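Take a look at the structure set out below.
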Amino acid sequence: MSSSSPEGGRLLLDEPVPDVARLTISNPGKRGALDHAILDGFTATLPGLDARCVIITGEGPTFSAGYDIGDLAGVDEAERLVAHPFTAALEAVEAFPYPTLAALNGHAIGGGLELALACDLRIAAGTIALAMPPAKLGLVYSHTGIRKFIETIGAPRTRELFLVGRRIDARTAREWGLVNAIAEEGRIAEEALELAKEIAANAPLAQAGNKQVINSVLSARAAIDPAIERELIELRRACFASEDFREGVRAFSEKRIPRWRGR
């Protein structure tokens, strides 16, 4: 596998060692923000990879600051970005048949953190911060996204992460189970690659089979009544049309404290 740049160079693909593919989010000027090109890159690239382990990492000082909300022109665009390209990208990560590893080289915020959670394992640099800021943006997060956090760190920690909205450090994330390991200072890329090589050396049928069993058990436990699911989807849709969401996006772009109206 040669080095290449899917989707206009925003998602870099290389094979650092045999059987390991690495996808690098290349948007350092916007702190690794997940725009359409990057999200479509995940969707288009992952199904065709011939690898026993995939590393997902970032370029520069940030893994990903989440959705590129600073460039959203309006509510309809916000809903389209979150509802389709982001969902499709996460589904592509989760559907990859062999293990995936998020190497958190820098801060993982919002959708960037959910992208990391879509991976099977996570290793983090010790200096990073992690956060879910939807409450600070006037955003109701998707029930599928919140479910991933509950499955990983439990309901009490998920409530703390979403309802307080405060950043946590790598050590706290390790204690919560949000990351599996913390790399030594300056060695995140090397330690991620060492772990990926160990994973890729395991029996492929066992790796694919065990991943499928784990995901199937989690999916069975997470079943939601269709009527309740429709209600949750409508709740999120109404949030996108709210004054508070528009104010949250404006305040983010203008780097100021939002003025909430509760409507």
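By convention in this document, the chains of the structure tokens carry letters A, B, ... by their order, each chain's residues are numbered from 1, and ligands are numbered from 1 in the order they are shown.
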Next item on the list: Quick one: everything within 6 Å of Ala208 of chain A, counting only C-alpha atoms, minus sequence neighbours fewer than 2 positions away in the same chain. Send it as a list in words.
Entry: Pro97, Tyr98, Leu205, Ala206, Asn210 and Lys211 of chain A
Checklist line | Residue set, segment 233-263 of chain A restricted to helix (DSSP H, G or I), as a PyMOL selection string | finding: chain A and resi 233-240+243-254
Next item on the list: Quick one: everything within 12 Å of Ala200 of chain A, counting only C-alpha atoms, minus sequence neighbours fewer than 4 positions away in the same chain. Send it as a list in words.
Entry: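 Residues near the query, excluding close chain neighbours: Val17, Pro18, Asp19, Val20, Ala21, Asp50, Ala51, Arg52, Cys53, Val54, Ile55, Tyr98, Pro99, Thr100, Leu101, Leu193, Glu194, Leu195, Ala196, Pro204, Leu205, Ala206, Gln207 and Ala208 of chain A.
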Item checked: Sel. of strand (DSSP E) residues, segment 116-203 of chain A, as number ranges by chain -> A: 121-125, 129-131, 168-169, 181-183
Note to self: With distances taken over only C-alpha atoms, which residue among A:Ala181, A:Leu218, A:Ile150, A:Gly138 lies nearest Ile257 of chain A?
What the structure shows: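 Closest residue, counting only C-alpha atoms: A:Gly138.
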Checklist line | Atomic distance atom CA of Glu91 of chain A - atom CA of Asp225 of chain A, expressed in Å with one decimal | finding: 21.0 Å
Item checked: Pairwise distance for atom CA of Gly154 of chain A and atom CA of Glu175 of chain A, rounded to one decimal in Å ->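 Here the two named atoms are 12.3 Å from each other.
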Item checked: Residues near segment 155-168 of chain A, cut-off 8 Å, only C-alpha atoms, skip fewer than 4 positions along chain, as a PyMOL selection string -> chain A and resi 129-136+146+149-150+172-173+176
Would you tabulate, counting only C-alpha atoms, all residues of segment 200-242 of chain A that have an atom at most 12 Å from an atom of segment 139-143 of chain A, showing the closest pair of atoms and their distance in Å to one decimal, sorted by chain then ascending number, as JSON lines?
{"residue": "A:Ala222", "atom": "CA", "partner": "A:His143", "partner_atom": "CA", "distance": 10.5}
{"residue": "A:Ala223", "atom": "CA", "partner": "A:His143", "partner_atom": "CA", "distance": 11.5}
{"residue": "A:Ile224", "atom": "CA", "partner": "A:His143", "partner_atom": "CA", "distance": 9.9}
{"residue": "A:Ile228", "atom": "CA", "partner": "A:His143", "partner_atom": "CA", "distance": 10.5}
{"residue": "A:Glu229", "atom": "CA", "partner": "A:His143", "partner_atom": "CA", "distance": 8.1}
{"residue": "A:Arg230", "atom": "CA", "partner": "A:His143", "partner_atom": "CA", "distance": 10.6}
{"residue": "A:Glu231", "atom": "CA", "partner": "A:His143", "partner_atom": "CA", "distance": 10.5}
{"residue": "A:Leu232", "atom": "CA", "partner": "A:His143", "partner_atom": "CA", "distance": 6.9}
{"residue": "A:Ile233", "atom": "CA", "partner": "A:Ser142", "partner_atom": "CA", "distance": 7.5}
{"residue": "A:Glu234", "atom": "CA", "partner": "A:Ser142", "partner_atom": "CA", "distance": 10.4}
{"residue": "A:Leu235", "atom": "CA", "partner": "A:Val140", "partner_atom": "CA", "distance": 7.6}
{"residue": "A:Arg236", "atom": "CA", "partner": "A:Val140", "partner_atom": "CA", "distance": 5.4}
{"residue": "A:Arg237", "atom": "CA", "partner": "A:Val140", "partner_atom": "CA", "distance": 8.6}
{"residue": "A:Ala238", "atom": "CA", "partner": "A:Val140", "partner_atom": "CA", "distance": 9.0}
{"residue": "A:Cys239", "atom": "CA", "partner": "A:Val140", "partner_atom": "CA", "distance": 6.1}
{"residue": "A:Phe240", "atom": "CA", "partner": "A:Leu139", "partner_atom": "CA", "distance": 7.2}
{"residue": "A:Ala241", "atom": "CA", "partner": "A:Leu139", "partner_atom": "CA", "distance": 10.2}
{"residue": "A:Ser242", "atom": "CA", "partner": "A:Leu139", "partner_atom": "CA", "distance": 9.2}
